[in-house]
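**Q** Contents are compact mmCIF, C-alpha atoms and all ligand atoms; file name upload.txt:
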```txt
# COMPACT_ATOMS: atom_id res chain seq x y z
CA MET N 1138 -6.92 -85.01 200.32
CA GLU N 1139 -3.36 -85.01 201.61
CA LYS N 1140 -1.91 -81.64 202.52
CA GLN N 1141 -0.14 -80.34 199.44
CA GLN N 1142 2.96 -78.23 199.13
CA PHE N 1143 2.81 -74.65 197.82
CA ASP N 1144 3.90 -75.43 194.25
CA THR N 1145 1.34 -78.20 193.91
CA LYS N 1146 -1.47 -75.98 195.18
CA ALA N 1147 -0.34 -73.14 192.90
CA ILE N 1148 -0.85 -75.40 189.91
CA ARG N 1149 -3.69 -77.68 191.00
CA GLU N 1150 -5.98 -75.69 193.32
CA GLY N 1151 -9.04 -73.81 192.16
CA TYR N 1152 -9.66 -75.81 189.00
CA ARG N 1153 -13.13 -77.19 188.34
CA THR N 1154 -14.15 -78.54 184.98
CA THR N 1155 -17.18 -77.15 183.19
CA GLY N 1156 -17.98 -80.67 181.97
CA GLU N 1157 -16.10 -80.25 178.67
CA GLN N 1158 -12.97 -81.95 180.04
CA GLU N 1159 -10.88 -78.82 179.39
CA HIS N 1160 -7.41 -79.02 180.94
CA SER N 1161 -6.87 -75.26 181.34
CA GLU N 1162 -9.50 -73.21 183.17
CA ALA N 1163 -12.24 -71.74 180.97
CA ILE N 1164 -12.90 -67.99 180.70
CA PHE N 1165 -16.56 -67.21 181.36
CA LEU N 1166 -17.10 -63.98 179.43
CA THR N 1167 -20.71 -63.51 180.45
CA SER N 1168 -22.33 -60.73 182.43
CA SER N 1169 -25.27 -62.78 183.63
CA PHE N 1170 -26.40 -66.39 184.06
CA VAL N 1171 -29.69 -68.01 183.02
CA PHE N 1172 -31.93 -70.17 185.17
CA ASP N 1173 -33.69 -73.43 184.33
CA SER N 1174 -36.98 -72.14 185.66
CA ALA N 1175 -38.68 -69.30 187.50
CA GLN N 1176 -38.44 -71.43 190.61
CA GLN N 1177 -34.67 -71.77 190.27
CA ALA N 1178 -34.31 -68.00 189.78
CA ALA N 1179 -36.29 -67.42 192.96
CA LYS N 1180 -34.11 -69.90 194.88
CA ARG N 1181 -30.88 -68.31 193.64
CA PHE N 1182 -31.97 -64.79 194.57
CA SER N 1183 -33.16 -65.84 198.01
CA LYS N 1184 -29.87 -67.76 198.49
CA LYS N 1185 -31.77 -71.05 199.07
CA GLU N 1186 -29.69 -72.49 196.24
CA PRO N 1187 -26.03 -71.55 195.66
CA GLY N 1188 -25.00 -70.52 192.15
CA ASN N 1189 -24.24 -67.69 189.80
CA ILE N 1190 -26.66 -64.82 189.15
CA TYR N 1191 -24.71 -61.91 187.74
CA ALA N 1192 -20.99 -61.29 187.19
CA ARG N 1193 -20.83 -58.36 189.60
CA PHE N 1194 -21.62 -60.95 192.31
CA THR N 1195 -19.81 -64.08 191.16
CA ASN N 1196 -18.21 -65.55 188.03
CA PRO N 1197 -16.68 -69.05 187.72
CA THR N 1198 -13.32 -67.82 186.38
CA VAL N 1199 -13.06 -65.23 189.14
CA ALA N 1200 -14.03 -67.90 191.68
CA ALA N 1201 -11.24 -70.19 190.43
CA PHE N 1202 -8.72 -67.38 191.02
CA GLU N 1203 -10.17 -66.73 194.49
CA ARG N 1204 -9.96 -70.42 195.47
CA LYS N 1205 -6.37 -70.76 194.28
CA LEU N 1206 -5.13 -67.56 195.96
CA ALA N 1207 -6.95 -68.49 199.20
CA ALA N 1208 -5.18 -71.88 199.18
CA LEU N 1209 -1.81 -70.18 198.70
CA GLU N 1210 -2.35 -67.57 201.43
CA GLY N 1211 -3.80 -70.17 203.80
CA ALA N 1212 -6.99 -68.10 204.12
CA PRO N 1213 -10.52 -69.51 204.44
CA ALA N 1214 -11.94 -67.00 201.96
CA CYS N 1215 -11.01 -64.53 199.21
CA VAL N 1216 -12.79 -61.84 197.22
CA ALA N 1217 -11.17 -60.63 194.00
CA THR N 1218 -11.35 -56.98 192.96
CA ALA N 1219 -10.67 -54.94 189.84
CA SER N 1220 -7.38 -53.58 191.22
CA GLY N 1221 -5.25 -53.39 194.34
CA MET N 1222 -6.71 -49.98 195.22
CA ALA N 1223 -10.24 -51.39 194.95
CA ALA N 1224 -9.18 -54.12 197.39
CA ILE N 1225 -7.87 -51.60 199.93
CA PHE N 1226 -10.88 -49.30 199.55
CA ALA N 1227 -13.38 -52.17 199.86
CA THR N 1228 -11.64 -53.45 203.00
CA ILE N 1229 -11.79 -50.06 204.71
CA MET N 1230 -15.34 -49.22 203.63
CA ALA N 1231 -16.72 -52.63 204.56
CA LEU N 1232 -15.08 -52.91 207.97
CA LEU N 1233 -15.07 -49.34 209.34
CA LYS N 1234 -17.75 -46.81 210.15
CA PRO N 1235 -17.67 -43.06 210.78
CA GLY N 1236 -15.97 -42.32 214.08
CA ASP N 1237 -13.61 -45.31 213.85
CA HIS N 1238 -9.84 -44.95 213.94
CA ILE N 1239 -7.21 -46.68 211.82
CA VAL N 1240 -3.44 -46.87 212.31
CA VAL N 1241 -1.42 -47.01 209.11
CA SER N 1242 2.28 -47.44 208.33
CA ARG N 1243 3.62 -44.16 206.99
CA ASN N 1244 5.51 -45.68 204.07
CA MET N 1245 2.59 -47.45 202.38
CA PHE N 1246 2.09 -47.35 198.61
CA GLY N 1247 1.57 -43.69 197.57
CA THR N 1248 -1.97 -44.06 196.23
CA SER N 1249 -3.00 -45.85 199.45
CA ILE N 1250 -2.02 -42.72 201.37
CA VAL N 1251 -3.91 -40.52 198.86
CA LEU N 1252 -6.98 -42.77 199.24
CA LEU N 1253 -6.85 -42.51 203.03
CA ASN N 1254 -6.26 -38.75 203.20
CA THR N 1255 -8.61 -37.59 200.47
CA ILE N 1256 -11.44 -40.14 200.39
CA VAL N 1257 -11.55 -42.26 203.55
CA ALA N 1258 -11.04 -39.15 205.72
CA LYS N 1259 -14.24 -37.65 204.22
CA PHE N 1260 -16.21 -40.44 205.89
CA ASN N 1261 -15.03 -39.22 209.28
CA VAL N 1262 -12.57 -42.05 209.82
CA ASP N 1263 -9.67 -40.92 211.97
CA ILE N 1264 -6.20 -41.89 210.64
CA SER N 1265 -2.84 -42.04 212.47
CA TYR N 1266 0.45 -42.75 210.74
CA VAL N 1267 3.34 -44.56 212.41
CA ASP N 1268 6.79 -45.80 211.42
CA LEU N 1269 6.36 -49.34 210.12
CA GLY N 1270 8.95 -51.13 212.23
CA ASP N 1271 8.39 -49.23 215.50
CA LEU N 1272 6.20 -51.56 217.61
CA SER N 1273 5.89 -49.08 220.45
CA ALA N 1274 4.57 -46.46 218.01
CA TRP N 1275 1.73 -48.84 217.00
CA GLN N 1276 0.96 -49.44 220.68
CA GLU N 1277 1.02 -45.72 221.48
CA ALA N 1278 -1.23 -44.85 218.54
CA LEU N 1279 -4.08 -46.92 220.00
CA GLN N 1280 -7.31 -45.13 220.83
CA ASN N 1281 -10.63 -46.44 222.20
CA ASN N 1282 -12.06 -46.33 218.67
CA THR N 1283 -9.13 -48.03 216.87
CA LYS N 1284 -10.45 -50.81 214.61
CA LEU N 1285 -7.74 -51.56 212.07
CA PHE N 1286 -3.96 -51.72 211.66
CA LEU N 1287 -3.04 -51.38 207.99
CA LEU N 1288 0.47 -51.85 206.64
CA GLU N 1289 2.75 -53.08 203.91
CA THR N 1290 5.84 -55.15 204.75
CA PRO N 1291 8.43 -54.92 203.35
CA SER N 1292 7.97 -51.31 202.38
CA ASN N 1293 8.77 -50.05 198.91
CA PRO N 1294 11.33 -48.73 197.93
CA LEU N 1295 13.61 -49.11 200.99
CA GLY N 1296 12.60 -52.50 202.38
CA GLU N 1297 11.63 -51.63 205.93
CA VAL N 1298 10.01 -54.55 207.75
CA VAL N 1299 7.74 -55.01 210.75
CA ASP N 1300 7.62 -58.10 212.95
CA ILE N 1301 4.13 -59.35 212.02
CA VAL N 1302 3.96 -61.88 214.88
CA ALA N 1303 4.76 -59.19 217.46
CA LEU N 1304 2.35 -56.67 215.93
CA SER N 1305 -0.43 -59.25 215.75
CA LYS N 1306 -0.08 -59.76 219.52
CA ILE N 1307 -0.76 -56.06 220.03
CA SER N 1308 -3.71 -56.08 217.62
CA ARG N 1309 -5.23 -59.23 219.17
CA GLU N 1310 -4.92 -57.97 222.73
CA ASN N 1311 -6.78 -54.84 221.71
CA ASN N 1312 -9.42 -56.44 219.48
CA ILE N 1313 -8.08 -54.75 216.37
CA LEU N 1314 -7.92 -56.26 212.90
CA LEU N 1315 -4.47 -56.47 211.32
CA ALA N 1316 -4.42 -56.06 207.52
CA VAL N 1317 -1.22 -56.64 205.53
CA ASP N 1318 -0.73 -55.59 201.90
CA ASN N 1319 1.34 -58.54 200.60
CA ALA N 1320 1.80 -57.37 197.00
CA ILE N 1321 5.58 -56.98 197.18
CA LEU N 1322 6.36 -60.54 198.34
CA THR N 1323 3.20 -62.53 197.43
CA PRO N 1324 2.29 -65.75 199.26
CA ALA N 1325 5.28 -67.42 197.60
CA LEU N 1326 7.61 -65.51 199.94
CA GLN N 1327 5.48 -64.41 202.91
CA ASN N 1328 2.30 -65.70 204.59
CA PRO N 1329 0.95 -62.92 206.83
CA ILE N 1330 -2.02 -65.03 208.01
CA ALA N 1331 0.30 -67.75 209.32
CA LEU N 1332 2.13 -64.98 211.20
CA GLY N 1333 -1.05 -63.69 212.86
CA ALA N 1334 -2.58 -61.19 210.42
CA ASP N 1335 -6.39 -61.21 209.99
CA ILE N 1336 -6.53 -59.83 206.46
CA VAL N 1337 -4.23 -59.99 203.45
CA ILE N 1338 -4.63 -57.50 200.62
CA HIS N 1339 -3.16 -57.85 197.15
CA SER N 1340 -2.47 -55.81 194.12
CA ALA N 1341 -2.37 -58.82 191.78
CA THR N 1342 -1.34 -56.32 189.10
CA LYS N 1343 2.22 -56.76 190.31
CA TYR N 1344 3.92 -60.14 190.80
CA ILE N 1345 0.78 -62.30 190.73
CA ASP N 1346 0.15 -61.41 187.11
CA GLY N 1347 3.89 -60.90 186.84
CA GLN N 1348 3.92 -59.80 183.23
CA GLY N 1349 2.42 -56.32 183.39
CA ARG N 1350 -0.73 -57.21 181.48
CA CYS N 1351 -3.71 -56.26 183.62
CA LEU N 1352 -5.00 -54.77 186.86
CA ALA N 1353 -6.39 -57.06 189.56
CA GLY N 1354 -6.65 -57.22 193.33
CA ALA N 1355 -7.88 -59.41 196.16
CA VAL N 1356 -8.69 -59.47 199.87
CA LEU N 1357 -8.34 -62.62 201.98
CA GLY N 1358 -9.42 -63.55 205.49
CA THR N 1359 -12.12 -65.37 207.44
CA ASN N 1360 -15.45 -66.18 205.79
CA GLU N 1361 -17.16 -63.59 207.97
CA LEU N 1362 -14.79 -60.73 207.07
CA ILE N 1363 -14.70 -61.59 203.37
CA GLU N 1364 -18.49 -61.83 203.21
CA LYS N 1365 -18.69 -58.23 204.47
CA ILE N 1366 -16.12 -57.06 201.93
CA ALA N 1367 -17.79 -58.99 199.09
CA THR N 1368 -21.11 -57.36 200.00
CA PHE N 1369 -19.40 -54.02 199.47
CA THR N 1370 -17.90 -54.98 196.08
CA ARG N 1371 -21.16 -56.56 194.87
CA ALA N 1372 -23.08 -53.40 195.71
CA THR N 1373 -20.52 -50.88 194.48
CA GLY N 1374 -19.07 -52.65 191.44
CA PRO N 1375 -15.25 -53.02 191.55
CA SER N 1376 -15.54 -56.71 190.68
CA LEU N 1377 -12.74 -58.42 188.78
CA SER N 1378 -13.45 -59.16 185.12
CA ALA N 1379 -13.40 -62.82 184.05
CA PHE N 1380 -10.72 -62.12 181.48
CA ASN N 1381 -8.39 -60.45 183.99
CA ALA N 1382 -9.16 -63.21 186.52
CA TRP N 1383 -7.97 -65.78 183.97
CA ILE N 1384 -4.72 -63.85 183.44
CA VAL N 1385 -3.90 -63.69 187.15
CA LEU N 1386 -5.02 -67.29 187.62
CA LYS N 1387 -2.39 -68.33 185.07
CA GLY N 1388 0.09 -66.06 186.85
CA LEU N 1389 -0.36 -68.03 190.07
CA ASP N 1390 0.72 -71.28 188.37
CA THR N 1391 4.29 -70.00 188.00
CA LEU N 1392 4.38 -67.64 190.99
CA SER N 1393 6.92 -69.35 193.23
CA LEU N 1394 9.23 -70.15 190.33
CA ARG N 1395 9.17 -66.50 189.29
CA MET N 1396 9.54 -65.13 192.83
CA ARG N 1397 12.62 -67.29 193.39
CA ALA N 1398 14.12 -66.05 190.12
CA HIS N 1399 13.25 -62.40 190.91
CA SER N 1400 14.92 -62.82 194.33
CA ASP N 1401 18.06 -64.50 192.92
CA ASN N 1402 18.42 -61.87 190.20
CA ALA N 1403 17.83 -58.99 192.62
CA LEU N 1404 20.50 -60.30 194.99
CA LYS N 1405 23.01 -60.47 192.12
CA VAL N 1406 22.22 -56.90 191.06
CA ALA N 1407 22.36 -55.67 194.67
CA LEU N 1408 25.72 -57.35 195.33
CA TRP N 1409 27.15 -55.86 192.16
CA LEU N 1410 25.88 -52.40 193.09
CA THR N 1411 27.63 -52.56 196.49
CA GLN N 1412 30.94 -52.80 194.61
CA GLN N 1413 30.47 -49.68 192.47
CA ASN N 1414 32.32 -46.48 193.42
CA GLN N 1415 29.54 -44.22 192.21
CA VAL N 1416 26.99 -45.96 194.41
CA GLU N 1417 26.67 -44.59 197.93
CA ARG N 1418 24.27 -47.06 199.48
CA VAL N 1419 22.30 -50.14 198.44
CA TYR N 1420 18.98 -51.08 200.02
CA TYR N 1421 18.15 -54.75 199.51
CA LEU N 1422 16.75 -56.97 202.26
CA GLY N 1423 18.85 -59.90 201.08
CA LEU N 1424 22.08 -58.03 201.91
CA GLU N 1425 23.36 -58.58 205.44
CA SER N 1426 24.08 -54.85 205.58
CA HIS N 1427 20.34 -54.07 205.46
CA PRO N 1428 19.18 -53.15 208.99
CA HIS N 1429 16.12 -55.41 208.66
CA HIS N 1430 17.92 -58.38 207.08
CA SER N 1431 17.61 -60.77 210.04
CA LEU N 1432 13.93 -60.02 210.69
CA ALA N 1433 13.19 -60.42 206.98
CA LYS N 1434 15.05 -63.73 206.98
CA GLN N 1435 12.95 -64.91 209.89
CA GLN N 1436 9.47 -64.05 208.56
CA GLN N 1437 9.98 -64.23 204.78
CA SER N 1438 11.10 -67.16 202.66
CA GLY N 1439 12.84 -64.86 200.17
CA PHE N 1440 13.72 -61.21 199.73
CA GLY N 1441 11.87 -60.30 196.55
CA GLY N 1442 12.78 -58.30 193.46
CA ILE N 1443 13.03 -54.67 194.59
CA VAL N 1444 16.52 -53.14 194.81
CA SER N 1445 17.08 -49.49 195.64
CA PHE N 1446 20.32 -47.53 195.75
CA THR N 1447 21.64 -44.00 195.95
CA VAL N 1448 24.14 -42.60 193.49
CA LYS N 1449 26.66 -39.81 194.07
CA GLY N 1450 25.61 -36.61 192.32
CA LYS N 1451 21.97 -36.41 193.37
CA ARG N 1452 19.13 -35.96 190.88
CA ALA N 1453 21.37 -35.13 187.90
CA ALA N 1454 23.34 -38.37 188.25
CA ALA N 1455 20.16 -40.39 188.90
CA PHE N 1456 18.43 -39.01 185.79
CA LYS N 1457 21.59 -39.61 183.70
CA LEU N 1458 21.66 -43.22 184.81
CA ILE N 1459 18.00 -43.74 183.97
CA ASN N 1460 18.35 -42.13 180.55
CA ALA N 1461 21.47 -44.14 179.68
CA THR N 1462 19.79 -47.51 180.16
CA LYS N 1463 18.69 -49.36 177.04
CA ILE N 1464 17.13 -52.52 178.48
CA LEU N 1465 15.46 -51.34 181.69
CA SER N 1466 12.02 -49.79 181.21
CA ILE N 1467 11.54 -46.29 182.62
CA THR N 1468 8.31 -46.87 184.50
CA ALA N 1469 7.13 -46.76 188.08
CA ASN N 1470 5.47 -50.15 187.75
CA LEU N 1471 7.02 -53.17 189.45
CA GLY N 1472 6.67 -56.93 189.59
CA ASP N 1473 7.06 -57.52 185.87
CA THR N 1474 9.26 -59.97 183.95
CA LYS N 1475 10.77 -56.78 182.48
CA SER N 1476 13.16 -54.91 184.79
CA THR N 1477 12.00 -51.37 185.49
CA ILE N 1478 13.78 -48.31 186.87
CA THR N 1479 12.36 -45.24 188.55
CA HIS N 1480 13.44 -42.16 190.50
CA PRO N 1481 11.11 -42.21 193.53
CA ALA N 1482 11.68 -38.57 194.59
CA SER N 1483 10.21 -37.26 191.30
CA THR N 1484 7.65 -40.01 190.62
CA THR N 1485 6.13 -42.33 193.24
CA HIS N 1486 7.01 -39.95 196.09
CA TYR N 1487 6.80 -36.57 194.33
CA ARG N 1488 3.85 -35.48 196.50
CA LEU N 1489 5.94 -35.59 199.69
CA THR N 1490 7.29 -32.30 201.05
CA GLU N 1491 11.06 -31.90 201.38
CA VAL N 1492 10.80 -32.64 205.11
CA GLU N 1493 8.70 -35.75 204.52
CA LYS N 1494 11.15 -36.99 201.88
CA LYS N 1495 14.02 -36.50 204.30
CA GLN N 1496 12.18 -38.39 207.06
CA ALA N 1497 11.38 -41.21 204.64
CA ASN N 1498 14.95 -41.36 203.25
CA ILE N 1499 13.71 -40.63 199.73
CA SER N 1500 16.78 -38.70 198.62
CA GLU N 1501 17.42 -37.09 195.21
CA GLY N 1502 20.09 -39.68 194.40
CA LEU N 1503 17.78 -42.64 195.11
CA LEU N 1504 16.85 -45.06 192.32
CA ARG N 1505 14.60 -48.10 192.49
CA ILE N 1506 14.91 -51.11 190.23
CA SER N 1507 12.28 -53.83 190.06
CA VAL N 1508 14.57 -56.61 188.91
CA GLY N 1509 12.89 -58.72 186.25
CA LEU N 1510 13.67 -62.05 184.68
CA GLU N 1511 16.08 -61.03 181.91
CA ASP N 1512 19.64 -62.39 182.04
CA THR N 1513 21.14 -60.61 185.05
CA ASN N 1514 24.43 -59.96 183.25
CA ASP N 1515 22.58 -57.90 180.66
CA VAL N 1516 20.72 -55.96 183.36
CA ILE N 1517 23.97 -55.24 185.20
CA ASN N 1518 25.65 -54.17 181.96
CA ASP N 1519 22.77 -51.82 181.29
CA ILE N 1520 23.02 -50.19 184.72
CA SER N 1521 26.79 -49.92 184.44
CA LYS N 1522 26.43 -47.82 181.27
CA GLY N 1523 24.46 -45.30 183.29
CA LEU N 1524 26.99 -45.25 186.11
CA LEU N 1525 29.80 -44.41 183.68
CA VAL N 1526 28.26 -41.34 182.05
C1 LIG N 1601 0.55 -51.19 193.03
C2 LIG N 1601 0.26 -51.37 194.44
C3 LIG N 1601 -1.03 -51.14 194.95
C4 LIG N 1601 -2.16 -50.67 194.07
O1 LIG N 1601 -2.55 -51.68 193.22
P1 LIG N 1601 -3.29 -51.40 191.78
O2 LIG N 1601 -3.52 -52.78 191.30
O3 LIG N 1601 -2.36 -50.59 190.97
O4 LIG N 1601 -4.55 -50.68 192.10
C5 LIG N 1601 -1.25 -51.35 196.30
N1 LIG N 1601 -0.25 -51.76 197.12
C6 LIG N 1601 1.00 -52.00 196.66
C7 LIG N 1601 2.05 -52.47 197.61
C8 LIG N 1601 1.29 -51.81 195.32
O5 LIG N 1601 2.55 -52.03 194.88
```
Now, as a test, write the supplied structure out as structure tokens.
Ligand SMILES: *Cc1c(COP(=O)(O)O)cnc(C)c1O

**A**
Amino acid sequence: MEKQQFDTKAIREGYRTTGEQEHSEAIFLTSSFVFDSAQQAAKRFSKKEPGNIYARFTNPTVAAFERKLAALEGAPACVATASGMAAIFATIMALLKPGDHIVVSRNMFGTSIVLLNTIVAKFNVDISYVDLGDLSAWQEALQNNTKLFLLETPSNPLGEVVDIVALSKISRENNILLAVDNAILTPALQNPIALGADIVIHSATKYIDGQGRCLAGAVLGTNELIEKIATFTRATGPSLSAFNAWIVLKGLDTLSLRMRAHSDNALKVALWLTQQNQVERVYYLGLESHPHHSLAKQQQSGFGGIVSFTVKGKRAAAFKLINATKILSITANLGDTKSTITHPASTTHYRLTEVEKKQANISEGLLRISVGLEDTNDVINDISKGLLV
């Protein structure tokens, strides 16, 4: 078939009819599959014949989601998981062994850091943290036993970015796998594999679902890597449910349309914020004032929906603003059609010490908005109420 553009693949890839001529993908709510004969069962178990056995291993609805996401990320293979955290955990457990070393960007998603420090560390995996955008820090962190670079770009909430092409040169030269958590931009706005990454990880809970309905995750890469990770999920159980797979499959159909709208709306909100007296600083990658704007412009095809800003008056002013809003949802979740607002210092980043918060620029006046798909004028009006009190 001719090479298709992203939007065509997002809508057309992955689909296979069950024979009932259904136009929308079917949901296979079944835990197991039956065989025509004892012989067929034996062939399936011994892998002499491909096919479904049990939903912890494979499920047709889950497989449709995996095929579609793989097409969008430009990856040969994909394994879906029950959540983004399950995807990160499965990747680490499947690819590392005790005594290995992993280099991680310091500003990754909070629970990823908790997972690494409290669970992965118990398996005698050595972990070093570096500043995301500092290429020499990644190089200097290398040890003889380094196996994996793990990062998230852009970071949340401040939008720091690393040059994936440059970092992948370092990882390749040193025989290290480069894994990128692409939940914040999705394949609609950034393709880490095309830029040299080996593995892409997703929390599909965020923009891929896009409507805050379910948890889901995925890992993408070569057939060989994904087979190892799928062996881990099949044996340990964080498989994606067919129902949730169907939800995120439908999310992919409209992904690029939504990501463009999130980006357009976020830019409008960010520009408006820069003009407010009570606002000290706005962090949005789409603003030329953002220190990583030009790099983001080069490796991303949009800037996404996350806008952060600091208000004068520290925590008191930040809490007042949050409590004055009527439309924005007070929740730490992101990537929803509904705009959400949170105070990182007391929620997503509350575990950090004062020194760590200072290093990470998570100040008491900082607020993060995940700009949704409501009318932007209403969202701006809502924020302005909070700035006035
Ligand atoms: C939310 C999130 C995760 C965790 O995903 P869950 O689906 O909540 O388990 C991982 N990485 C990033 C960047 C996230 O935003």

**Q** Give as a list in words the residues surrounding ligand LIG 1601 (chain N) up to a distance of 7 Å, considering only C-alpha atoms and all ligand atoms.

**A**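 Listing the residues within 7 Å of ligand LIG 1601 (chain N) gives Ser1220, Gly1221, Met1222, Ala1223, Met1245, Phe1246, Thr1248, Ser1249, Glu1289, Asp1318, Asn1319, Ala1320, Ile1321, His1339, Ser1340, Ala1341, Thr1342, Lys1343, Leu1352, Ala1353 and Gly1354 of chain N.
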
**Q** From the list N:Val1448, N:Val1385, N:Ile1499, N:Ala1278, which residue is nearest Asn1311 in chain N when using only C-alpha atoms?

**A**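 Looking at the shortest contact to Asn1311 in chain N, the residue is N:Ala1278.
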
**Q** Could you name the residues that touch range 1213-1217 of chain N at 10 Å or less, counting all atoms listed in the file, but leaving out those on the same chain fewer than 4 positions away, as a short mmCIF file (atom, residue, chain, number, x, y, z; two decimals) with C-alpha atoms, keeping the file's coordinate frame?

**A**
```
data_model
loop_
_atom_site.label_atom_id
_atom_site.label_comp_id
_atom_site.auth_asym_id
_atom_site.auth_seq_id
_atom_site.Cartn_x
_atom_site.Cartn_y
_atom_site.Cartn_z
CA THR N 1195 -19.81 -64.08 191.16
CA VAL N 1199 -13.06 -65.23 189.14
CA ALA N 1200 -14.03 -67.90 191.68
CA PHE N 1202 -8.72 -67.38 191.02
CA GLU N 1203 -10.17 -66.73 194.49
CA ARG N 1204 -9.96 -70.42 195.47
CA LYS N 1205 -6.37 -70.76 194.28
CA LEU N 1206 -5.13 -67.56 195.96
CA ALA N 1207 -6.95 -68.49 199.20
CA ALA N 1208 -5.18 -71.88 199.18
CA GLY N 1221 -5.25 -53.39 194.34
CA ALA N 1223 -10.24 -51.39 194.95
CA ALA N 1224 -9.18 -54.12 197.39
CA ILE N 1336 -6.53 -59.83 206.46
CA VAL N 1337 -4.23 -59.99 203.45
CA ILE N 1338 -4.63 -57.50 200.62
CA HIS N 1339 -3.16 -57.85 197.15
CA SER N 1340 -2.47 -55.81 194.12
CA ALA N 1341 -2.37 -58.82 191.78
CA ALA N 1353 -6.39 -57.06 189.56
CA GLY N 1354 -6.65 -57.22 193.33
CA ALA N 1355 -7.88 -59.41 196.16
CA VAL N 1356 -8.69 -59.47 199.87
CA LEU N 1357 -8.34 -62.62 201.98
CA GLY N 1358 -9.42 -63.55 205.49
CA THR N 1359 -12.12 -65.37 207.44
CA ASN N 1360 -15.45 -66.18 205.79
CA GLU N 1361 -17.16 -63.59 207.97
CA LEU N 1362 -14.79 -60.73 207.07
CA ILE N 1363 -14.70 -61.59 203.37
CA GLU N 1364 -18.49 -61.83 203.21
CA ILE N 1366 -16.12 -57.06 201.93
CA ALA N 1367 -17.79 -58.99 199.09
CA THR N 1368 -21.11 -57.36 200.00
CA THR N 1370 -17.90 -54.98 196.08
CA PRO N 1375 -15.25 -53.02 191.55
CA SER N 1376 -15.54 -56.71 190.68
CA LEU N 1377 -12.74 -58.42 188.78
CA SER N 1378 -13.45 -59.16 185.12
CA ALA N 1382 -9.16 -63.21 186.52
#
```

**Q** With distances taken over all atoms listed in the file, which residue among N:Lys1405, N:Lys1234, N:His1480, N:Lys1259 lies nearest Lys1457 in chain N?

**A**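 Among the listed residues, N:His1480 lies closest to Lys1457 in chain N.
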
**Q** Between CA of Val1240 in chain N and CA of Pro1481 in chain N, what is the distance, to one decimal in Å?

**A**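 Here the two named atoms are 24.2 Å from each other.
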
**Q** Expressed in Å to a single decimal, how great is the separation between CA of Leu1424 in chain N and CA of Tyr1487 in chain N?

**A**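 Straight-line distance from CA of Leu1424 in chain N to CA of Tyr1487 in chain N works out to 27.4 Å.
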
**Q** Using only C-alpha atoms, which residue out of N:Arg1397, N:Lys1449, N:Arg1193, N:Lys1140 lies closest to Asn1414 in chain N?

**A** N:Lys1449

**Q** Using the incomplete input, complete range 1160-1171 of chain N to the level of N, CA and C atoms; output as a PDB file, in the coordinates of the input.

**A**
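Result file follows (rebuild.pdb):
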```
ATOM      1  N   HIS N1160      -8.538 -78.852 180.025  1.00  0.00           N
ATOM      2  CA  HIS N1160      -7.410 -79.020 180.940  1.00  0.00           C
ATOM      3  C   HIS N1160      -7.023 -77.685 181.574  1.00  0.00           C
ATOM      4  N   SER N1161      -7.144 -76.590 180.808  1.00  0.00           N
ATOM      5  CA  SER N1161      -6.870 -75.260 181.340  1.00  0.00           C
ATOM      6  C   SER N1161      -8.220 -74.610 181.660  1.00  0.00           C
ATOM      7  N   GLU N1162      -8.249 -73.806 182.724  1.00  0.00           N
ATOM      8  CA  GLU N1162      -9.500 -73.210 183.170  1.00  0.00           C
ATOM      9  C   GLU N1162     -10.160 -72.389 182.068  1.00  0.00           C
ATOM     10  N   ALA N1163     -11.480 -72.477 181.982  1.00  0.00           N
ATOM     11  CA  ALA N1163     -12.240 -71.740 180.970  1.00  0.00           C
ATOM     12  C   ALA N1163     -12.425 -70.276 181.399  1.00  0.00           C
ATOM     13  N   ILE N1164     -12.578 -69.400 180.406  1.00  0.00           N
ATOM     14  CA  ILE N1164     -12.900 -67.990 180.700  1.00  0.00           C
ATOM     15  C   ILE N1164     -14.394 -67.816 180.453  1.00  0.00           C
ATOM     16  N   PHE N1165     -15.125 -67.424 181.490  1.00  0.00           N
ATOM     17  CA  PHE N1165     -16.560 -67.210 181.360  1.00  0.00           C
ATOM     18  C   PHE N1165     -16.837 -65.733 181.080  1.00  0.00           C
ATOM     19  N   LEU N1166     -16.816 -65.368 179.787  1.00  0.00           N
ATOM     20  CA  LEU N1166     -17.100 -63.980 179.430  1.00  0.00           C
ATOM     21  C   LEU N1166     -18.607 -63.819 179.294  1.00  0.00           C
ATOM     22  N   THR N1167     -19.260 -63.695 180.437  1.00  0.00           N
ATOM     23  CA  THR N1167     -20.710 -63.510 180.450  1.00  0.00           C
ATOM     24  C   THR N1167     -21.060 -62.589 181.599  1.00  0.00           C
ATOM     25  N   SER N1168     -21.968 -61.648 181.350  1.00  0.00           N
ATOM     26  CA  SER N1168     -22.330 -60.730 182.430  1.00  0.00           C
ATOM     27  C   SER N1168     -23.379 -61.332 183.340  1.00  0.00           C
ATOM     28  N   SER N1169     -24.231 -62.207 182.774  1.00  0.00           N
ATOM     29  CA  SER N1169     -25.270 -62.780 183.630  1.00  0.00           C
ATOM     30  C   SER N1169     -25.396 -64.278 183.363  1.00  0.00           C
ATOM     31  N   PHE N1170     -26.216 -64.935 184.137  1.00  0.00           N
ATOM     32  CA  PHE N1170     -26.400 -66.390 184.060  1.00  0.00           C
ATOM     33  C   PHE N1170     -27.895 -66.675 183.953  1.00  0.00           C
ATOM     34  N   VAL N1171     -28.257 -67.708 183.203  1.00  0.00           N
ATOM     35  CA  VAL N1171     -29.690 -68.010 183.020  1.00  0.00           C
ATOM     36  C   VAL N1171     -30.107 -69.150 183.956  1.00  0.00           C
TER      37      VAL N1171
END
```
